[in-house]
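Q: One structure, as structure tokens, below. Some questions next.
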Number of protein chains: 4
Amino acid sequence: METSVEKRVKESFARQTVMATIGASITVVEPGEVTIELPFRSDLAQQHGFIHGGVVTMIVDTACGYAALTRMSASAAVLTAEYKINFLSPAEGEKLIARGRVLKPGRALTVCYGDVHAVKDGQEKLVATMLATMMTREETGLKD
Amino acid sequence: METSVEKRVKESFARQTVMATIGASITVVEPGEVTIELPFRSDLAQQHGFIHGGVVTMIVDTACGYAALTRMSASAAVLTAEYKINFLSPAEGEKLIARGRVLKPGRALTVCYGDVHAVKDGQEKLVATMLATMMTREETGLKD
Amino acid sequence: METSVEKRVKESFARQTVMATIGASITVVEPGEVTIELPFRSDLAQQHGFIHGGVVTMIVDTACGYAALTRMSASAAVLTAEYKINFLSPAEGEKLIARGRVLKPGRALTVCYGDVHAVKDGQEKLVATMLATMMTREETGLKD
Amino acid sequence: METSVEKRVKESFARQTVMATIGASITVVEPGEVTIELPFRSDLAQQHGFIHGGVVTMIVDTACGYAALTRMSASAAVLTAEYKINFLSPAEGEKLIARGRVLKPGRALTVCYGDVHAVKDGQEKLVATMLATMMTREETGLKD
């Protein structure tokens, strides 16, 4: 059964039109942890045919942001303050799996880390790792 | 007249299929500096209707990478090792302009910084700032 | 004549005991900009005899933090949320000069950038560049 | 019995004069993992009396660097290319423990992550987390 936080995250995700544009879907919403998957598509490539690092970043940014949102109050919206990402291997294979997790929740700031694995021939390989700072916005009237 | 480095960067950019997918174009290629523009599109949004931070990141990552490539040898390919980005204002308006510049070229690593401005009613507003490490790959057979 | 913000920053700096330990002094306090200088000392070195990157980081972190404080209300304290730093050249010479500047002030978060130059034979050389997020603390009872 | 890599790391650490200056010692050297400890000292403080963030950074930078060195060839020296650190709690207590670990070794670059815990009344609390890029230098004549 879907929890209220799961429902809230999925509804917010559905409003992220760029996720439909690139073909990403949200597959896991747990307290403090969110997973997003992206099947490989040739129209998401950088110059060598791998999935563009910016696309890798986008899905793990979103996974981290929603992981943070699962730990915020029901009236809060989440915004990304900043992140750093290291790219470790080319993003190639059948699909990418981005996992975002809360490391340290806080009233104003929530620190998350995330990783992205590429699945190729059934094997997962670490593609990128992120350390991110998410900001709680209570006062803005923004929804989620 | 187009220089050889400008030609090389534009050909590499044209192979980044994701740039066509999101509608980005490369507008300036100078030694050590590259500019990419992205008109606003409603299918690139995050949950509040602004352009997704990951899209903002993608265009300035590419601008920084090609800025680095302009300072590398003709046989080198460029890969993004890592970057950090801070988001300063919502990405809203008619279009985004991402500028990447080389701060410190190096044989193995080139450090770049970039910024993204949103243009709204003819005014530019700073949306994000990036500090990036680009890696030279000589030995891979990768093209640009 | 010393302004109230200059006085406040210098008093706070004087409470940073580690600054005396390493021999750093604050030389410029302007609205949105602070400079810290550190004479070379052989007991601050890493394994190759250069000043340790952590010492470089420490002075530019402090310069960025106080630059942020100059743009905060008189009742606020400043804490470093996070930063990224790239090292560009060995920290060698007679002294280091760390400059911190506010890029984007905000109510909760202030984004700063900083750089560190080494002075050798009267020439400045860029040693490191930082992008930092400073946090305003109003509620803690912490002083500056 | 001390391995050759352990001996090499400890000799290099002994040449980092700043580690003696702040009172840090290296306590664990395993393949891909290094631990450094720092007893609390009142002359290492920032303005609120906690250990300065730059000191926290310094010990985890060093732990990550030597963790990387354990995975490099015997002729290589290690230099820090860049890192990002998030501060999660005040650095207060009896001592700090910084652990650096290799996430992804590579020929030119090794990506590490590190964390720092404060020990207070026998309890460990997470103070900071780092994501770092270490660079292999083969050609410089630098020692370790």
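In the structure tokens, each chain is lettered A, B, ... as it comes, each chain's residues begin at 1, and ligands are numbered from 1 in order of appearance.
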Counting only C-alpha atoms, what is within 12 Å of stretch 102-104 of chain C, bar same-chain residues fewer than 5 positions away, as a VMD selection string?
A: (chain B and resid 86 to 89 115 125 to 129) or (chain C and resid 30 to 34 63 to 72 109 to 114 130 to 134)
Q: Please write the residues from the selection above to a file, keeping N, CA and C atoms, as a short mmCIF file (atom, residue, chain, number, x, y, z; two decimals), in the first residue's frame.
A:
data_model
loop_
_atom_site.label_atom_id
_atom_site.label_comp_id
_atom_site.auth_asym_id
_atom_site.auth_seq_id
_atom_site.Cartn_x
_atom_site.Cartn_y
_atom_site.Cartn_z
N ASN B 86 26.45 25.28 -7.73
CA ASN B 86 25.52 25.92 -6.79
C ASN B 86 24.40 26.58 -7.57
N PHE B 87 23.18 26.35 -7.10
CA PHE B 87 22.01 26.95 -7.74
C PHE B 87 21.63 28.20 -6.98
N LEU B 88 21.50 29.32 -7.69
CA LEU B 88 21.37 30.63 -7.04
C LEU B 88 19.99 31.25 -7.22
N SER B 89 19.33 30.96 -8.33
CA SER B 89 18.00 31.51 -8.62
C SER B 89 17.26 30.51 -9.49
N ASP B 115 29.12 29.62 -15.65
CA ASP B 115 27.91 30.15 -15.03
C ASP B 115 26.77 30.08 -16.02
N LYS B 125 19.92 37.15 -15.43
CA LYS B 125 20.02 36.90 -13.99
C LYS B 125 20.83 35.63 -13.76
N LEU B 126 21.76 35.68 -12.81
CA LEU B 126 22.63 34.52 -12.55
C LEU B 126 21.82 33.39 -11.89
N VAL B 127 21.85 32.23 -12.50
CA VAL B 127 21.05 31.08 -12.07
C VAL B 127 21.92 30.04 -11.34
N ALA B 128 23.14 29.85 -11.82
CA ALA B 128 23.98 28.79 -11.25
C ALA B 128 25.43 29.08 -11.57
N THR B 129 26.32 28.53 -10.72
CA THR B 129 27.76 28.67 -10.95
C THR B 129 28.42 27.32 -10.73
N GLU C 30 36.06 44.30 3.71
CA GLU C 30 35.18 45.20 2.97
C GLU C 30 33.81 44.54 2.87
N PRO C 31 32.76 45.30 2.60
CA PRO C 31 31.46 44.65 2.42
C PRO C 31 31.54 43.60 1.31
N GLY C 32 31.30 42.35 1.67
CA GLY C 32 31.32 41.27 0.68
C GLY C 32 32.69 40.74 0.33
N GLU C 33 33.74 41.19 1.01
CA GLU C 33 35.09 40.72 0.65
C GLU C 33 36.04 40.77 1.84
N VAL C 34 36.75 39.69 2.04
CA VAL C 34 37.70 39.60 3.16
C VAL C 34 38.99 38.95 2.66
N ALA C 63 38.18 33.24 5.06
CA ALA C 63 37.96 34.46 4.28
C ALA C 63 36.56 34.48 3.68
N CYS C 64 36.10 33.35 3.17
CA CYS C 64 34.75 33.26 2.60
C CYS C 64 33.69 33.43 3.70
N GLY C 65 33.91 32.80 4.82
CA GLY C 65 32.93 32.89 5.91
C GLY C 65 32.75 34.33 6.39
N TYR C 66 33.84 35.03 6.57
CA TYR C 66 33.71 36.41 7.03
C TYR C 66 33.22 37.34 5.93
N ALA C 67 33.55 37.04 4.69
CA ALA C 67 32.95 37.82 3.59
C ALA C 67 31.43 37.69 3.66
N ALA C 68 30.95 36.47 3.90
CA ALA C 68 29.50 36.25 4.05
C ALA C 68 28.95 37.01 5.25
N LEU C 69 29.69 36.98 6.34
CA LEU C 69 29.21 37.65 7.56
C LEU C 69 29.02 39.15 7.35
N THR C 70 29.84 39.74 6.50
CA THR C 70 29.70 41.19 6.24
C THR C 70 28.36 41.52 5.58
N ARG C 71 27.71 40.51 5.01
CA ARG C 71 26.43 40.75 4.34
C ARG C 71 25.25 40.24 5.16
N MET C 72 25.50 39.79 6.38
CA MET C 72 24.42 39.27 7.23
C MET C 72 24.01 40.33 8.26
N LEU C 109 21.21 31.06 3.09
CA LEU C 109 22.50 30.63 2.54
C LEU C 109 23.16 31.76 1.77
N THR C 110 24.45 31.86 1.90
CA THR C 110 25.24 32.83 1.13
C THR C 110 26.31 32.06 0.38
N VAL C 111 26.33 32.23 -0.93
CA VAL C 111 27.32 31.52 -1.76
C VAL C 111 28.51 32.44 -1.99
N CYS C 112 29.69 31.91 -1.73
CA CYS C 112 30.94 32.68 -1.85
C CYS C 112 31.93 31.94 -2.74
N TYR C 113 32.82 32.70 -3.32
CA TYR C 113 33.95 32.06 -3.97
C TYR C 113 35.22 32.69 -3.43
N GLY C 114 36.27 31.93 -3.47
CA GLY C 114 37.51 32.44 -2.93
C GLY C 114 38.68 31.94 -3.74
N MET C 130 38.06 28.20 -4.56
CA MET C 130 37.01 27.60 -3.73
C MET C 130 35.63 28.13 -4.12
N LEU C 131 34.64 27.24 -4.02
CA LEU C 131 33.23 27.64 -4.14
C LEU C 131 32.56 27.12 -2.87
N ALA C 132 31.95 28.03 -2.10
CA ALA C 132 31.51 27.70 -0.74
C ALA C 132 30.09 28.14 -0.46
N THR C 133 29.42 27.38 0.40
CA THR C 133 28.08 27.72 0.86
C THR C 133 28.12 28.01 2.35
N MET C 134 27.79 29.24 2.72
CA MET C 134 27.79 29.64 4.12
C MET C 134 26.34 29.74 4.62
#
Q: Pull out every residue of chain D that has at least one atom within 9 Å of chain C, counting only C-alpha atoms, and report them as a VMD selection string.
A: chain D and resid 12 to 22 42 to 49 51 to 59 61 to 62 80 to 88 142 to 144
Q: Could you please write out, as a PyMOL selection string, every residue of chain C that DSSP assigns to strand (DSSP E)?
A: chain C and resi 25-30+33-39+77-87+95-104+109-120+123-137
Q: Which polymer residues have any atom within 9 Å of an atom of A:Glu37, counting only C-alpha atoms, with same-chain residues fewer than 5 positions away left out, as a compact mmCIF listing (two decimals) with N, CA and C atoms, in the first residue's frame?
A:
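The file below, around.txt, is the result:
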# COMPACT_ATOMS: atom_id res chain seq x y z
N GLY A 23 12.59 9.92 -20.27
CA GLY A 23 12.13 8.54 -20.09
C GLY A 23 12.46 7.92 -18.75
N ALA A 24 12.66 8.76 -17.72
CA ALA A 24 12.99 8.25 -16.38
C ALA A 24 11.73 7.93 -15.59
N SER A 25 11.84 6.94 -14.73
CA SER A 25 10.71 6.62 -13.85
C SER A 25 11.22 6.42 -12.43
N ILE A 26 10.33 6.64 -11.47
CA ILE A 26 10.69 6.50 -10.07
C ILE A 26 10.26 5.11 -9.63
N THR A 27 11.18 4.35 -9.06
CA THR A 27 10.86 2.94 -8.81
C THR A 27 10.81 2.59 -7.33
N ILE A 59 19.23 12.58 -12.99
CA ILE A 59 18.43 11.57 -12.30
C ILE A 59 18.88 11.37 -10.86
N LYS A 95 20.40 0.22 -18.98
CA LYS A 95 19.72 1.26 -18.22
C LYS A 95 20.60 1.77 -17.09
N LEU A 96 20.21 2.92 -16.54
CA LEU A 96 20.88 3.50 -15.38
C LEU A 96 19.95 3.40 -14.18
N ILE A 97 20.55 3.17 -13.01
CA ILE A 97 19.79 3.17 -11.75
C ILE A 97 20.43 4.20 -10.83
N ALA A 98 19.67 5.23 -10.47
CA ALA A 98 20.17 6.28 -9.58
C ALA A 98 19.51 6.13 -8.22
N ARG A 99 20.35 6.05 -7.18
CA ARG A 99 19.83 5.94 -5.82
C ARG A 99 20.26 7.16 -5.01
Q: Apply DSSP to the backbone of this structure and, from stretch 10-44 of chain B, keep only the residues in helix (DSSP H, G or I); write these as an NGL selection string.
A: :B and (10-15 or 17-22 or 42-44)
Q: Could you write out the selected residues, including N, CA and C atoms, as a PDB file, in the first residue's frame?
A:
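Final output, saved to part_30.pdb:
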ATOM      1  N   LYS B  10      32.410  22.279 -32.688  1.00  0.00           N
ATOM      2  CA  LYS B  10      31.033  22.238 -33.206  1.00  0.00           C
ATOM      3  C   LYS B  10      30.665  20.856 -33.742  1.00  0.00           C
ATOM      4  N   GLU B  11      31.639  20.177 -34.363  1.00  0.00           N
ATOM      5  CA  GLU B  11      31.368  18.811 -34.839  1.00  0.00           C
ATOM      6  C   GLU B  11      31.151  17.861 -33.661  1.00  0.00           C
ATOM      7  N   SER B  12      31.944  18.035 -32.605  1.00  0.00           N
ATOM      8  CA  SER B  12      31.767  17.182 -31.429  1.00  0.00           C
ATOM      9  C   SER B  12      30.417  17.471 -30.771  1.00  0.00           C
ATOM     10  N   PHE B  13      30.091  18.755 -30.646  1.00  0.00           N
ATOM     11  CA  PHE B  13      28.801  19.154 -30.077  1.00  0.00           C
ATOM     12  C   PHE B  13      27.641  18.526 -30.869  1.00  0.00           C
ATOM     13  N   ALA B  14      27.778  18.498 -32.186  1.00  0.00           N
ATOM     14  CA  ALA B  14      26.714  17.950 -33.034  1.00  0.00           C
ATOM     15  C   ALA B  14      26.512  16.454 -32.774  1.00  0.00           C
ATOM     16  N   ARG B  15      27.553  15.783 -32.274  1.00  0.00           N
ATOM     17  CA  ARG B  15      27.410  14.352 -31.945  1.00  0.00           C
ATOM     18  C   ARG B  15      26.770  14.132 -30.571  1.00  0.00           C
ATOM     19  N   THR B  17      23.912  13.931 -28.928  1.00  0.00           N
ATOM     20  CA  THR B  17      22.498  13.883 -29.343  1.00  0.00           C
ATOM     21  C   THR B  17      21.569  14.504 -28.313  1.00  0.00           C
ATOM     22  N   VAL B  18      21.973  14.475 -27.042  1.00  0.00           N
ATOM     23  CA  VAL B  18      21.086  15.021 -26.018  1.00  0.00           C
ATOM     24  C   VAL B  18      20.919  16.531 -26.175  1.00  0.00           C
ATOM     25  N   MET B  19      21.885  17.184 -26.787  1.00  0.00           N
ATOM     26  CA  MET B  19      21.765  18.633 -26.984  1.00  0.00           C
ATOM     27  C   MET B  19      20.622  18.959 -27.958  1.00  0.00           C
ATOM     28  N   ALA B  20      20.474  18.136 -29.001  1.00  0.00           N
ATOM     29  CA  ALA B  20      19.330  18.322 -29.899  1.00  0.00           C
ATOM     30  C   ALA B  20      18.023  17.962 -29.187  1.00  0.00           C
ATOM     31  N   THR B  21      18.088  16.928 -28.344  1.00  0.00           N
ATOM     32  CA  THR B  21      16.886  16.493 -27.614  1.00  0.00           C
ATOM     33  C   THR B  21      16.328  17.609 -26.736  1.00  0.00           C
ATOM     34  N   ILE B  22      17.232  18.362 -26.088  1.00  0.00           N
ATOM     35  CA  ILE B  22      16.743  19.450 -25.223  1.00  0.00           C
ATOM     36  C   ILE B  22      16.661  20.792 -25.967  1.00  0.00           C
ATOM     37  N   SER B  42       8.660  23.866 -21.975  1.00  0.00           N
ATOM     38  CA  SER B  42       7.899  23.389 -20.811  1.00  0.00           C
ATOM     39  C   SER B  42       8.134  21.905 -20.522  1.00  0.00           C
ATOM     40  N   ASP B  43       8.743  21.190 -21.462  1.00  0.00           N
ATOM     41  CA  ASP B  43       9.012  19.766 -21.205  1.00  0.00           C
ATOM     42  C   ASP B  43      10.404  19.537 -20.618  1.00  0.00           C
ATOM     43  N   LEU B  44      11.032  20.595 -20.101  1.00  0.00           N
ATOM     44  CA  LEU B  44      12.341  20.473 -19.444  1.00  0.00           C
ATOM     45  C   LEU B  44      12.253  20.881 -17.975  1.00  0.00           C
TER      46      LEU B  44
END
Q: Write out as a list in words the residues lying within 8 Å of A:Lys120, counting only C-alpha atoms and excluding same-chain residues fewer than 6 positions away.
A: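 Near neighbours after the sequence-gap exclusion: Glu92, Gly93, Glu94 and Lys95 of chain A.
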Q: With distances taken over only C-alpha atoms, which residue among B:Ala108, B:Val119, B:Ser4, B:Arg101 lies nearest B:Pro39?
A: B:Val119
Q: What is the distance between atom CA of D:Gly100 and atom CA of D:Val116, in Å to one decimal?
A: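 A separation of 8.9 Å between them.
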